[in-house]
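Structure below is run-v9.pdb: PDB, C-alpha atoms and all ligand atoms.
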ATOM      1  CA  MET A  27       0.000   0.000   0.000  1.00  0.00           C
ATOM      2  CA  ASN A  28       1.406   3.384  -1.010  1.00  0.00           C
ATOM      3  CA  ILE A  29       1.403   5.985   1.757  1.00  0.00           C
ATOM      4  CA  SER A  30       0.762   9.394   0.214  1.00  0.00           C
ATOM      5  CA  LEU A  31       0.740  12.793   1.887  1.00  0.00           C
ATOM      6  CA  ILE A  32      -1.718  15.247   0.352  1.00  0.00           C
ATOM      7  CA  VAL A  33      -1.441  18.926   1.279  1.00  0.00           C
ATOM      8  CA  ALA A  34      -1.787  22.505   0.125  1.00  0.00           C
ATOM      9  CA  ALA A  35       1.050  24.695   1.394  1.00  0.00           C
ATOM     10  CA  SER A  36       2.257  28.244   0.813  1.00  0.00           C
ATOM     11  CA  GLU A  37       5.804  29.045  -0.334  1.00  0.00           C
ATOM     12  CA  ASN A  38       6.823  29.227   3.347  1.00  0.00           C
ATOM     13  CA  ASN A  39       5.032  25.906   4.038  1.00  0.00           C
ATOM     14  CA  ALA A  40       2.121  27.449   5.983  1.00  0.00           C
ATOM     15  CA  ILE A  41      -0.933  25.158   5.880  1.00  0.00           C
ATOM     16  CA  GLY A  42      -3.354  26.703   8.368  1.00  0.00           C
ATOM     17  CA  LYS A  43      -4.096  29.182  11.101  1.00  0.00           C
ATOM     18  CA  ASN A  44      -6.555  28.965  14.011  1.00  0.00           C
ATOM     19  CA  ASN A  45      -7.450  25.464  12.793  1.00  0.00           C
ATOM     20  CA  GLU A  46      -8.612  26.740   9.413  1.00  0.00           C
ATOM     21  CA  LEU A  47      -7.143  26.783   5.926  1.00  0.00           C
ATOM     22  CA  LEU A  48      -5.479  29.993   4.723  1.00  0.00           C
ATOM     23  CA  TRP A  49      -7.323  30.168   1.409  1.00  0.00           C
ATOM     24  CA  ARG A  50     -10.323  29.021  -0.551  1.00  0.00           C
ATOM     25  CA  LEU A  51      -9.115  27.372  -3.761  1.00  0.00           C
ATOM     26  CA  PRO A  52     -12.018  25.514  -5.414  1.00  0.00           C
ATOM     27  CA  ASN A  53      -9.737  23.728  -7.904  1.00  0.00           C
ATOM     28  CA  ASP A  54      -7.632  22.389  -5.069  1.00  0.00           C
ATOM     29  CA  MET A  55     -10.764  21.142  -3.281  1.00  0.00           C
ATOM     30  CA  LYS A  56     -11.738  19.323  -6.496  1.00  0.00           C
ATOM     31  CA  PHE A  57      -8.242  17.884  -6.860  1.00  0.00           C
ATOM     32  CA  PHE A  58      -8.323  16.659  -3.252  1.00  0.00           C
ATOM     33  CA  LYS A  59     -11.731  15.069  -3.704  1.00  0.00           C
ATOM     34  CA  ASN A  60     -10.872  13.381  -7.021  1.00  0.00           C
ATOM     35  CA  THR A  61      -7.538  12.076  -5.768  1.00  0.00           C
ATOM     36  CA  THR A  62      -8.758  10.693  -2.440  1.00  0.00           C
ATOM     37  CA  TRP A  63     -12.228   9.477  -3.488  1.00  0.00           C
ATOM     38  CA  ALA A  64     -13.100   5.976  -2.191  1.00  0.00           C
ATOM     39  CA  MET A  65      -9.732   5.642  -0.444  1.00  0.00           C
ATOM     40  CA  PRO A  66      -8.822   5.574   3.246  1.00  0.00           C
ATOM     41  CA  VAL A  67      -7.835   9.017   4.551  1.00  0.00           C
ATOM     42  CA  ILE A  68      -5.911   9.507   7.802  1.00  0.00           C
ATOM     43  CA  MET A  69      -6.157  12.830   9.633  1.00  0.00           C
ATOM     44  CA  GLY A  70      -5.377  14.317  13.027  1.00  0.00           C
ATOM     45  CA  ARG A  71      -8.123  15.073  15.494  1.00  0.00           C
ATOM     46  CA  LYS A  72      -7.717  18.843  15.040  1.00  0.00           C
ATOM     47  CA  THR A  73      -8.117  18.553  11.271  1.00  0.00           C
ATOM     48  CA  PHE A  74     -11.186  16.384  11.858  1.00  0.00           C
ATOM     49  CA  ASP A  75     -12.540  19.133  14.168  1.00  0.00           C
ATOM     50  CA  SER A  76     -12.032  21.638  11.348  1.00  0.00           C
ATOM     51  CA  LEU A  77     -14.510  19.594   9.264  1.00  0.00           C
ATOM     52  CA  ALA A  78     -17.185  20.493  11.850  1.00  0.00           C
ATOM     53  CA  GLY A  79     -17.831  16.897  12.886  1.00  0.00           C
ATOM     54  CA  GLU A  80     -18.628  15.683   9.373  1.00  0.00           C
ATOM     55  CA  PRO A  81     -16.234  13.057   8.004  1.00  0.00           C
ATOM     56  CA  LEU A  82     -15.182  13.422   4.372  1.00  0.00           C
ATOM     57  CA  PRO A  83     -17.931  11.742   2.351  1.00  0.00           C
ATOM     58  CA  GLY A  84     -17.068   8.848   0.039  1.00  0.00           C
ATOM     59  CA  ARG A  85     -13.866   8.076   1.902  1.00  0.00           C
ATOM     60  CA  TYR A  86     -13.008   5.952   4.918  1.00  0.00           C
ATOM     61  CA  ASN A  87     -11.896   8.507   7.557  1.00  0.00           C
ATOM     62  CA  ILE A  88      -9.364   7.431  10.180  1.00  0.00           C
ATOM     63  CA  VAL A  89      -9.009  10.045  12.929  1.00  0.00           C
ATOM     64  CA  VAL A  90      -5.820   9.902  15.011  1.00  0.00           C
ATOM     65  CA  THR A  91      -6.214  10.951  18.648  1.00  0.00           C
ATOM     66  CA  ARG A  92      -4.989  10.069  22.115  1.00  0.00           C
ATOM     67  CA  ASN A  93      -8.541  10.447  23.483  1.00  0.00           C
ATOM     68  CA  HIS A  94     -11.867   8.684  23.102  1.00  0.00           C
ATOM     69  CA  ILE A  95     -13.736  11.285  21.103  1.00  0.00           C
ATOM     70  CA  ASP A  96     -17.331  10.675  20.109  1.00  0.00           C
ATOM     71  CA  LEU A  97     -17.819   9.609  16.486  1.00  0.00           C
ATOM     72  CA  ALA A  98     -21.407   8.500  17.014  1.00  0.00           C
ATOM     73  CA  GLY A  99     -23.381   8.866  13.822  1.00  0.00           C
ATOM     74  CA  CYS A 100     -20.238   8.934  11.643  1.00  0.00           C
ATOM     75  CA  LEU A 101     -20.596   5.754   9.607  1.00  0.00           C
ATOM     76  CA  ASN A 102     -17.442   6.186   7.552  1.00  0.00           C
ATOM     77  CA  ALA A 103     -15.106   7.270  10.384  1.00  0.00           C
ATOM     78  CA  GLU A 104     -13.101   5.425  12.983  1.00  0.00           C
ATOM     79  CA  LEU A 105     -10.590   6.397  15.683  1.00  0.00           C
ATOM     80  CA  SER A 106      -6.974   5.289  15.906  1.00  0.00           C
ATOM     81  CA  PHE A 107      -4.790   5.892  18.907  1.00  0.00           C
ATOM     82  CA  SER A 108      -1.451   6.048  17.105  1.00  0.00           C
ATOM     83  CA  PRO A 109      -0.170   6.593  13.545  1.00  0.00           C
ATOM     84  CA  GLU A 110       0.837   2.905  13.453  1.00  0.00           C
ATOM     85  CA  GLU A 111      -2.675   1.749  14.353  1.00  0.00           C
ATOM     86  CA  ALA A 112      -4.099   4.110  11.712  1.00  0.00           C
ATOM     87  CA  LEU A 113      -1.930   2.460   9.045  1.00  0.00           C
ATOM     88  CA  LEU A 114      -3.055  -1.015  10.131  1.00  0.00           C
ATOM     89  CA  LYS A 115      -6.682   0.069   9.828  1.00  0.00           C
ATOM     90  CA  ALA A 116      -6.032   1.483   6.358  1.00  0.00           C
ATOM     91  CA  LYS A 117      -4.306  -1.764   5.281  1.00  0.00           C
ATOM     92  CA  GLU A 118      -7.410  -3.731   6.320  1.00  0.00           C
ATOM     93  CA  LYS A 119      -9.283  -1.830   3.576  1.00  0.00           C
ATOM     94  CA  ASP A 120      -7.071  -3.530   0.988  1.00  0.00           C
ATOM     95  CA  CYS A 121      -6.560  -0.321  -1.039  1.00  0.00           C
ATOM     96  CA  LYS A 122      -3.544   0.467  -3.183  1.00  0.00           C
ATOM     97  CA  GLU A 123      -3.047   3.879  -1.551  1.00  0.00           C
ATOM     98  CA  VAL A 124      -3.775   5.594   1.766  1.00  0.00           C
ATOM     99  CA  PHE A 125      -3.857   9.383   1.989  1.00  0.00           C
ATOM    100  CA  ILE A 126      -2.444  11.365   4.896  1.00  0.00           C
ATOM    101  CA  ALA A 127      -4.546  14.531   5.013  1.00  0.00           C
ATOM    102  CA  GLY A 128      -2.883  16.504   7.821  1.00  0.00           C
ATOM    103  CA  GLY A 129      -2.481  18.580   9.789  1.00  0.00           C
ATOM    104  CA  GLN A 130       1.020  19.514  10.866  1.00  0.00           C
ATOM    105  CA  GLN A 131       1.439  16.859  13.597  1.00  0.00           C
ATOM    106  CA  ILE A 132       0.148  14.093  11.373  1.00  0.00           C
ATOM    107  CA  TYR A 133       2.256  15.108   8.342  1.00  0.00           C
ATOM    108  CA  ASN A 134       5.331  15.079  10.601  1.00  0.00           C
ATOM    109  CA  ALA A 135       4.424  11.640  11.962  1.00  0.00           C
ATOM    110  CA  PHE A 136       3.933  10.059   8.517  1.00  0.00           C
ATOM    111  CA  LEU A 137       6.587  11.800   6.379  1.00  0.00           C
ATOM    112  CA  PRO A 138       9.299   9.234   7.295  1.00  0.00           C
ATOM    113  CA  VAL A 139       7.159   6.331   6.014  1.00  0.00           C
ATOM    114  CA  ALA A 140       5.511   8.106   3.056  1.00  0.00           C
ATOM    115  CA  THR A 141       6.377   7.237  -0.549  1.00  0.00           C
ATOM    116  CA  LYS A 142       4.541  10.048  -2.372  1.00  0.00           C
ATOM    117  CA  ILE A 143       3.579  13.675  -1.730  1.00  0.00           C
ATOM    118  CA  TYR A 144       0.781  15.453  -3.597  1.00  0.00           C
ATOM    119  CA  ILE A 145       1.379  19.117  -2.809  1.00  0.00           C
ATOM    120  CA  THR A 146      -0.587  22.067  -4.074  1.00  0.00           C
ATOM    121  CA  ARG A 147       2.023  24.778  -3.827  1.00  0.00           C
ATOM    122  CA  VAL A 148       0.276  28.102  -3.241  1.00  0.00           C
ATOM    123  CA  HIS A 149       2.546  30.817  -4.592  1.00  0.00           C
ATOM    124  CA  ALA A 150       2.359  33.282  -1.722  1.00  0.00           C
ATOM    125  CA  VAL A 151       4.134  33.814   1.585  1.00  0.00           C
ATOM    126  CA  LEU A 152       1.459  33.647   4.267  1.00  0.00           C
ATOM    127  CA  ASP A 153       1.132  33.917   8.016  1.00  0.00           C
ATOM    128  CA  GLY A 154       0.196  30.582   9.619  1.00  0.00           C
ATOM    129  CA  ASP A 155       0.428  28.655  12.854  1.00  0.00           C
ATOM    130  CA  ALA A 156       0.580  25.188  11.265  1.00  0.00           C
ATOM    131  CA  PHE A 157       3.246  24.176   8.742  1.00  0.00           C
ATOM    132  CA  PHE A 158       4.154  21.366   6.375  1.00  0.00           C
ATOM    133  CA  PRO A 159       7.692  20.037   6.893  1.00  0.00           C
ATOM    134  CA  ALA A 160      10.277  21.200   4.327  1.00  0.00           C
ATOM    135  CA  ILE A 161      10.669  18.643   1.518  1.00  0.00           C
ATOM    136  CA  ASP A 162      14.233  17.315   1.589  1.00  0.00           C
ATOM    137  CA  THR A 163      15.241  17.389  -2.098  1.00  0.00           C
ATOM    138  CA  THR A 164      18.047  14.873  -1.476  1.00  0.00           C
ATOM    139  CA  LYS A 165      15.377  12.327  -0.513  1.00  0.00           C
ATOM    140  CA  TRP A 166      12.442  13.395  -2.703  1.00  0.00           C
ATOM    141  CA  LYS A 167      12.164  13.983  -6.450  1.00  0.00           C
ATOM    142  CA  LYS A 168       9.511  16.121  -8.160  1.00  0.00           C
ATOM    143  CA  VAL A 169       7.954  14.091 -10.997  1.00  0.00           C
ATOM    144  CA  TYR A 170       4.992  16.286 -11.977  1.00  0.00           C
ATOM    145  CA  GLN A 171       3.959  19.945 -11.957  1.00  0.00           C
ATOM    146  CA  LEU A 172       0.938  21.739 -13.416  1.00  0.00           C
ATOM    147  CA  ASP A 173       0.735  25.522 -12.980  1.00  0.00           C
ATOM    148  CA  PHE A 174      -2.308  27.781 -12.676  1.00  0.00           C
ATOM    149  CA  ALA A 175      -2.581  31.564 -12.540  1.00  0.00           C
ATOM    150  CA  ALA A 176      -4.715  33.408 -10.013  1.00  0.00           C
ATOM    151  CA  ASP A 177      -8.223  34.196 -11.254  1.00  0.00           C
ATOM    152  CA  GLU A 178     -11.523  35.490  -9.912  1.00  0.00           C
ATOM    153  CA  LYS A 179     -12.034  32.286  -7.879  1.00  0.00           C
ATOM    154  CA  HIS A 180      -8.416  31.744  -6.811  1.00  0.00           C
ATOM    155  CA  ALA A 181      -6.661  34.558  -4.961  1.00  0.00           C
ATOM    156  CA  TYR A 182      -3.184  33.098  -5.521  1.00  0.00           C
ATOM    157  CA  PRO A 183      -1.393  31.307  -8.344  1.00  0.00           C
ATOM    158  CA  TYR A 184      -0.820  27.634  -7.492  1.00  0.00           C
ATOM    159  CA  SER A 185       0.825  24.469  -8.831  1.00  0.00           C
ATOM    160  CA  PHE A 186      -0.140  20.837  -8.444  1.00  0.00           C
ATOM    161  CA  GLN A 187       3.066  18.918  -7.802  1.00  0.00           C
ATOM    162  CA  THR A 188       3.795  15.235  -7.211  1.00  0.00           C
ATOM    163  CA  TRP A 189       6.954  14.158  -5.410  1.00  0.00           C
ATOM    164  CA  VAL A 190       8.191  10.582  -4.995  1.00  0.00           C
ATOM    165  CA  LYS A 191      10.848   9.176  -2.732  1.00  0.00           C
ATOM    166  CA  ALA A 192      14.131   9.318  -4.700  1.00  0.00           C
TER     167      ALA A 192
HETATM  168  N1  LIG X   1      -3.448  23.007   3.886  1.00  0.00           N
HETATM  169  C1  LIG X   1      -3.719  21.729   4.064  1.00  0.00           C
HETATM  170  O1  LIG X   1      -3.612  20.911   3.132  1.00  0.00           O
HETATM  171  C2  LIG X   1      -4.184  21.237   5.404  1.00  0.00           C
HETATM  172  C3  LIG X   1      -4.623  19.925   5.572  1.00  0.00           C
HETATM  173  C4  LIG X   1      -5.029  19.501   6.841  1.00  0.00           C
HETATM  174  C5  LIG X   1      -4.973  20.390   7.906  1.00  0.00           C
HETATM  175  N2  LIG X   1      -4.549  21.651   7.711  1.00  0.00           N
HETATM  176  C6  LIG X   1      -4.445  22.603   8.826  1.00  0.00           C
HETATM  177  O2  LIG X   1      -3.552  22.063   9.807  1.00  0.00           O
HETATM  178  C7  LIG X   1      -3.928  22.601  11.078  1.00  0.00           C
HETATM  179  C8  LIG X   1      -4.066  21.472  12.071  1.00  0.00           C
HETATM  180  O3  LIG X   1      -2.811  20.845  12.279  1.00  0.00           O
HETATM  181  P1  LIG X   1      -2.344  20.430  13.779  1.00  0.00           P
HETATM  182  O4  LIG X   1      -0.944  19.942  13.694  1.00  0.00           O
HETATM  183  O5  LIG X   1      -2.663  21.544  14.728  1.00  0.00           O
HETATM  184  O6  LIG X   1      -3.347  19.240  14.156  1.00  0.00           O
HETATM  185  P2  LIG X   1      -3.606  17.782  13.512  1.00  0.00           P
HETATM  186  O7  LIG X   1      -2.309  17.185  13.052  1.00  0.00           O
HETATM  187  O8  LIG X   1      -4.733  17.846  12.558  1.00  0.00           O
HETATM  188  O9  LIG X   1      -4.154  17.002  14.793  1.00  0.00           O
HETATM  189  C9  LIG X   1      -3.364  16.951  15.961  1.00  0.00           C
HETATM  190  C10 LIG X   1      -3.991  15.934  16.891  1.00  0.00           C
HETATM  191  O10 LIG X   1      -3.769  14.610  16.404  1.00  0.00           O
HETATM  192  C11 LIG X   1      -3.608  13.717  17.486  1.00  0.00           C
HETATM  193  N3  LIG X   1      -2.275  13.139  17.442  1.00  0.00           N
HETATM  194  C12 LIG X   1      -1.133  13.680  16.955  1.00  0.00           C
HETATM  195  N4  LIG X   1      -0.110  12.818  17.059  1.00  0.00           N
HETATM  196  C13 LIG X   1      -0.625  11.692  17.640  1.00  0.00           C
HETATM  197  C14 LIG X   1      -0.051  10.437  18.024  1.00  0.00           C
HETATM  198  N5  LIG X   1       1.254  10.141  17.832  1.00  0.00           N
HETATM  199  N6  LIG X   1      -0.863   9.505  18.584  1.00  0.00           N
HETATM  200  C15 LIG X   1      -2.181   9.764  18.783  1.00  0.00           C
HETATM  201  N7  LIG X   1      -2.774  10.947  18.445  1.00  0.00           N
HETATM  202  C16 LIG X   1      -1.995  11.896  17.865  1.00  0.00           C
HETATM  203  C17 LIG X   1      -3.818  14.538  18.751  1.00  0.00           C
HETATM  204  O11 LIG X   1      -5.218  14.510  19.001  1.00  0.00           O
HETATM  205  P3  LIG X   1      -5.843  14.651  20.488  1.00  0.00           P
HETATM  206  O12 LIG X   1      -5.500  16.034  20.937  1.00  0.00           O
HETATM  207  O13 LIG X   1      -7.310  14.429  20.279  1.00  0.00           O
HETATM  208  O14 LIG X   1      -5.196  13.566  21.323  1.00  0.00           O
HETATM  209  C18 LIG X   1      -3.390  15.923  18.312  1.00  0.00           C
HETATM  210  O15 LIG X   1      -3.898  16.972  19.094  1.00  0.00           O
HETATM  211  C19 LIG X   1      -5.211  23.373  10.858  1.00  0.00           C
HETATM  212  O16 LIG X   1      -4.920  24.756  10.712  1.00  0.00           O
HETATM  213  C20 LIG X   1      -5.740  22.823   9.550  1.00  0.00           C
HETATM  214  O17 LIG X   1      -6.567  23.751   8.863  1.00  0.00           O
HETATM  215  C21 LIG X   1      -4.155  22.088   6.489  1.00  0.00           C
END
Could I get this file's structure written as C-alpha cells?
Amino acid sequence: MNISLIVAASENNAIGKNNELLWRLPNDMKFFKNTTWAMPVIMGRKTFDSLAGEPLPGRYNIVVTRNHIDLAGCLNAELSFSPEEALLKAKEKDCKEVFIAGGQQIYNAFLPVATKIYITRVHAVLDGDAFFPAIDTTKWKKVYQLDFAADEKHAYPYSFQTWVKA
C-alpha cells in the first residue's frame, strides 16, 4: 500500500491558522476530492474538528487521537490511537493507496514512512500557525507539476506537484 501525503502549502510551508485553511481554492478542493475518493484518509483530530464533525464523504476517515472522542453517527469514520494503528486500519481496507490529510502533527508523523507527496504549492508567503515540513530534495524527487494563474475564484497562483521518494 502506497502511503501518500496530500497537502496545500504556501511558499513558506504554511498550511493553516486557528485550525482553518489559509485560502479558498475551489480547484484544489476538487483535486483533493478526485484524488482521495473511495480511499482511506488519515487525519489528526484537530483537522477532523475543522470539518465540523462531518467526516469526508465517500472516503473511509481514520481520525488519530490520544482520546476517546465521540464519532457517534459517523458511519465512515473510525478512531486510531497512534499513527501505526491508523496504518493497520487502512491496510485492512485492501486499497492500493492511503492518503495522509494533515495537519502539521500528522504530516510530521507520517513523512518518514511516506512514498509520495501530492502538494498544491500556493505561490504566496502567508502567516500561519501550522506548517508542512520542508521537503528534503536529497530524498524526494519532483515528478509532476501543473501551474495555474490566479483568477476570480483563486486569490493566488498555485501548482499541483507530485513528489516521490528518490
Ligand atoms: N493546507 C492543508 O492541506 C491542510 C490539511 C489539513 C490540515 N490543515 C491545517 O492544519 C492545522 C491542524 O494541524 P495540527 O498539527 O494543529 O493538528 P492535527 O495534526 O490535525 O491534529 C493533531 C492531533 O492529532 C492527534 N495526534 C497527533 N499525534 C498523535 C499520536 N502520535 N498519537 C495519537 N494521536 C496523535 C492529537 O489529538 P488529540 O488532541 O485528540 O489527542 C493531536 O492533538 C489546521 O490549521 C488545519 O486547517 C491544512
Which residues are close to Ala135 (chain A), i.e. within 10 Å by all atoms listed in the file, leaving aside same-chain residues fewer than 4 positions away? Reply as a ChimeraX atom specification. /A:108-110,126,128,130-131,139-140
Name every residue that the PyMOL selection byres (((chain A and resi 182-186) around 6) and not hetatm) selects in this structure, writing the answer as a PDB file with C-alpha atoms, in the coordinates of the input with chains first and numbers rising.
ATOM      1  CA  THR A 146      -0.587  22.067  -4.074  1.00  0.00           C
ATOM      2  CA  ARG A 147       2.023  24.778  -3.827  1.00  0.00           C
ATOM      3  CA  VAL A 148       0.276  28.102  -3.241  1.00  0.00           C
ATOM      4  CA  HIS A 149       2.546  30.817  -4.592  1.00  0.00           C
ATOM      5  CA  GLN A 171       3.959  19.945 -11.957  1.00  0.00           C
ATOM      6  CA  LEU A 172       0.938  21.739 -13.416  1.00  0.00           C
ATOM      7  CA  ASP A 173       0.735  25.522 -12.980  1.00  0.00           C
ATOM      8  CA  PHE A 174      -2.308  27.781 -12.676  1.00  0.00           C
ATOM      9  CA  ALA A 175      -2.581  31.564 -12.540  1.00  0.00           C
ATOM     10  CA  ALA A 176      -4.715  33.408 -10.013  1.00  0.00           C
ATOM     11  CA  HIS A 180      -8.416  31.744  -6.811  1.00  0.00           C
ATOM     12  CA  ALA A 181      -6.661  34.558  -4.961  1.00  0.00           C
ATOM     13  CA  GLN A 187       3.066  18.918  -7.802  1.00  0.00           C
TER      14      GLN A 187
END
If I wrap all listed atoms of region 111-117 of chain A in a box with edges along x, y and z and add 5 Å on each side, what are its centre and edge lengths in Å to one decimal, as AutoDock Vina command-line options?
--center_x -4.3 --center_y 1.2 --center_z 9.8 --size_x 14.8 --size_y 15.9 --size_z 19.1
Can you give me, as an MDAnalysis selection string, the residues this file yields under the PyMOL selection byres (((chain A and resi 112) around 10) and not hetatm)? chainID A and resid 66:69 87:91 104:111 113:117
Could those selected residues go to a file with C-alpha atoms, as an mmCIF file, in the frame of the given file?
data_model
loop_
_atom_site.group_PDB
_atom_site.id
_atom_site.type_symbol
_atom_site.label_atom_id
_atom_site.label_comp_id
_atom_site.auth_asym_id
_atom_site.auth_seq_id
_atom_site.Cartn_x
_atom_site.Cartn_y
_atom_site.Cartn_z
ATOM 1 C CA PRO A 66 -8.822 5.574 3.246
ATOM 2 C CA VAL A 67 -7.835 9.017 4.551
ATOM 3 C CA ILE A 68 -5.911 9.507 7.802
ATOM 4 C CA MET A 69 -6.157 12.830 9.633
ATOM 5 C CA ASN A 87 -11.896 8.507 7.557
ATOM 6 C CA ILE A 88 -9.364 7.431 10.180
ATOM 7 C CA VAL A 89 -9.009 10.045 12.929
ATOM 8 C CA VAL A 90 -5.820 9.902 15.011
ATOM 9 C CA THR A 91 -6.214 10.951 18.648
ATOM 10 C CA GLU A 104 -13.101 5.425 12.983
ATOM 11 C CA LEU A 105 -10.590 6.397 15.683
ATOM 12 C CA SER A 106 -6.974 5.289 15.906
ATOM 13 C CA PHE A 107 -4.790 5.892 18.907
ATOM 14 C CA SER A 108 -1.451 6.048 17.105
ATOM 15 C CA PRO A 109 -0.170 6.593 13.545
ATOM 16 C CA GLU A 110 0.837 2.905 13.453
ATOM 17 C CA GLU A 111 -2.675 1.749 14.353
ATOM 18 C CA LEU A 113 -1.930 2.460 9.045
ATOM 19 C CA LEU A 114 -3.055 -1.015 10.131
ATOM 20 C CA LYS A 115 -6.682 0.069 9.828
ATOM 21 C CA ALA A 116 -6.032 1.483 6.358
ATOM 22 C CA LYS A 117 -4.306 -1.764 5.281
#
Got a sec: who's within 10 Å of Ile161 (chain A), counting all atoms listed in the file, leaving out chain neighbours fewer than 4 positions off, as a PyMOL selection string? chain A and resi 39+137+143+165-167+189
Contacts of ligand LIG 1 (chain X), 7 Å or closer, only C-alpha atoms and all ligand atoms, given as a count of residues only: 35
What does the distance between CA of Thr141 (chain A) and CA of Thr61 (chain A) come to in Å, to one decimal place? 15.6 Å
Completion step: region 65-80 of chain A with N, CA and C atoms as a tab-separated table (two decimals), in the coordinates of the input:
chain	number	residue	atom	x	y	z
A	65	MET	N	-10.96	6.16	-1.08
A	65	MET	CA	-9.73	5.64	-0.44
A	65	MET	C	-9.77	5.92	1.06
A	66	PRO	N	-8.96	5.20	1.84
A	66	PRO	CA	-8.82	5.57	3.25
A	66	PRO	C	-8.02	6.88	3.39
A	67	VAL	N	-8.48	7.72	4.30
A	67	VAL	CA	-7.84	9.02	4.55
A	67	VAL	C	-7.55	9.11	6.06
A	68	ILE	N	-6.31	9.38	6.39
A	68	ILE	CA	-5.91	9.51	7.80
A	68	ILE	C	-5.72	10.98	8.12
A	69	MET	N	-6.33	11.42	9.24
A	69	MET	CA	-6.16	12.83	9.63
A	69	MET	C	-6.06	12.94	11.15
A	70	GLY	N	-5.45	14.04	11.60
A	70	GLY	CA	-5.38	14.32	13.03
A	70	GLY	C	-6.72	14.80	13.56
A	71	ARG	N	-6.85	14.68	14.87
A	71	ARG	CA	-8.12	15.07	15.49
A	71	ARG	C	-8.44	16.55	15.25
A	72	LYS	N	-7.43	17.41	15.23
A	72	LYS	CA	-7.72	18.84	15.04
A	72	LYS	C	-8.22	19.10	13.62
A	73	THR	N	-7.63	18.41	12.65
A	73	THR	CA	-8.12	18.55	11.27
A	73	THR	C	-9.54	18.03	11.18
A	74	PHE	N	-9.81	16.90	11.85
A	74	PHE	CA	-11.19	16.38	11.86
A	74	PHE	C	-12.13	17.44	12.46
A	75	ASP	N	-11.71	18.08	13.56
A	75	ASP	CA	-12.54	19.13	14.17
A	75	ASP	C	-12.83	20.24	13.16
A	76	SER	N	-11.84	20.54	12.30
A	76	SER	CA	-12.03	21.64	11.35
A	76	SER	C	-13.09	21.29	10.29
A	77	LEU	N	-13.44	20.00	10.20
A	77	LEU	CA	-14.51	19.59	9.26
A	77	LEU	C	-15.89	19.72	9.91
A	78	ALA	N	-15.93	20.27	11.12
A	78	ALA	CA	-17.18	20.49	11.85
A	78	ALA	C	-17.94	19.19	12.11
A	79	GLY	N	-17.19	18.15	12.47
A	79	GLY	CA	-17.83	16.90	12.89
A	79	GLY	C	-18.35	16.03	11.76
A	80	GLU	N	-18.16	16.47	10.52
A	80	GLU	CA	-18.63	15.68	9.37
A	80	GLU	C	-17.43	15.03	8.70
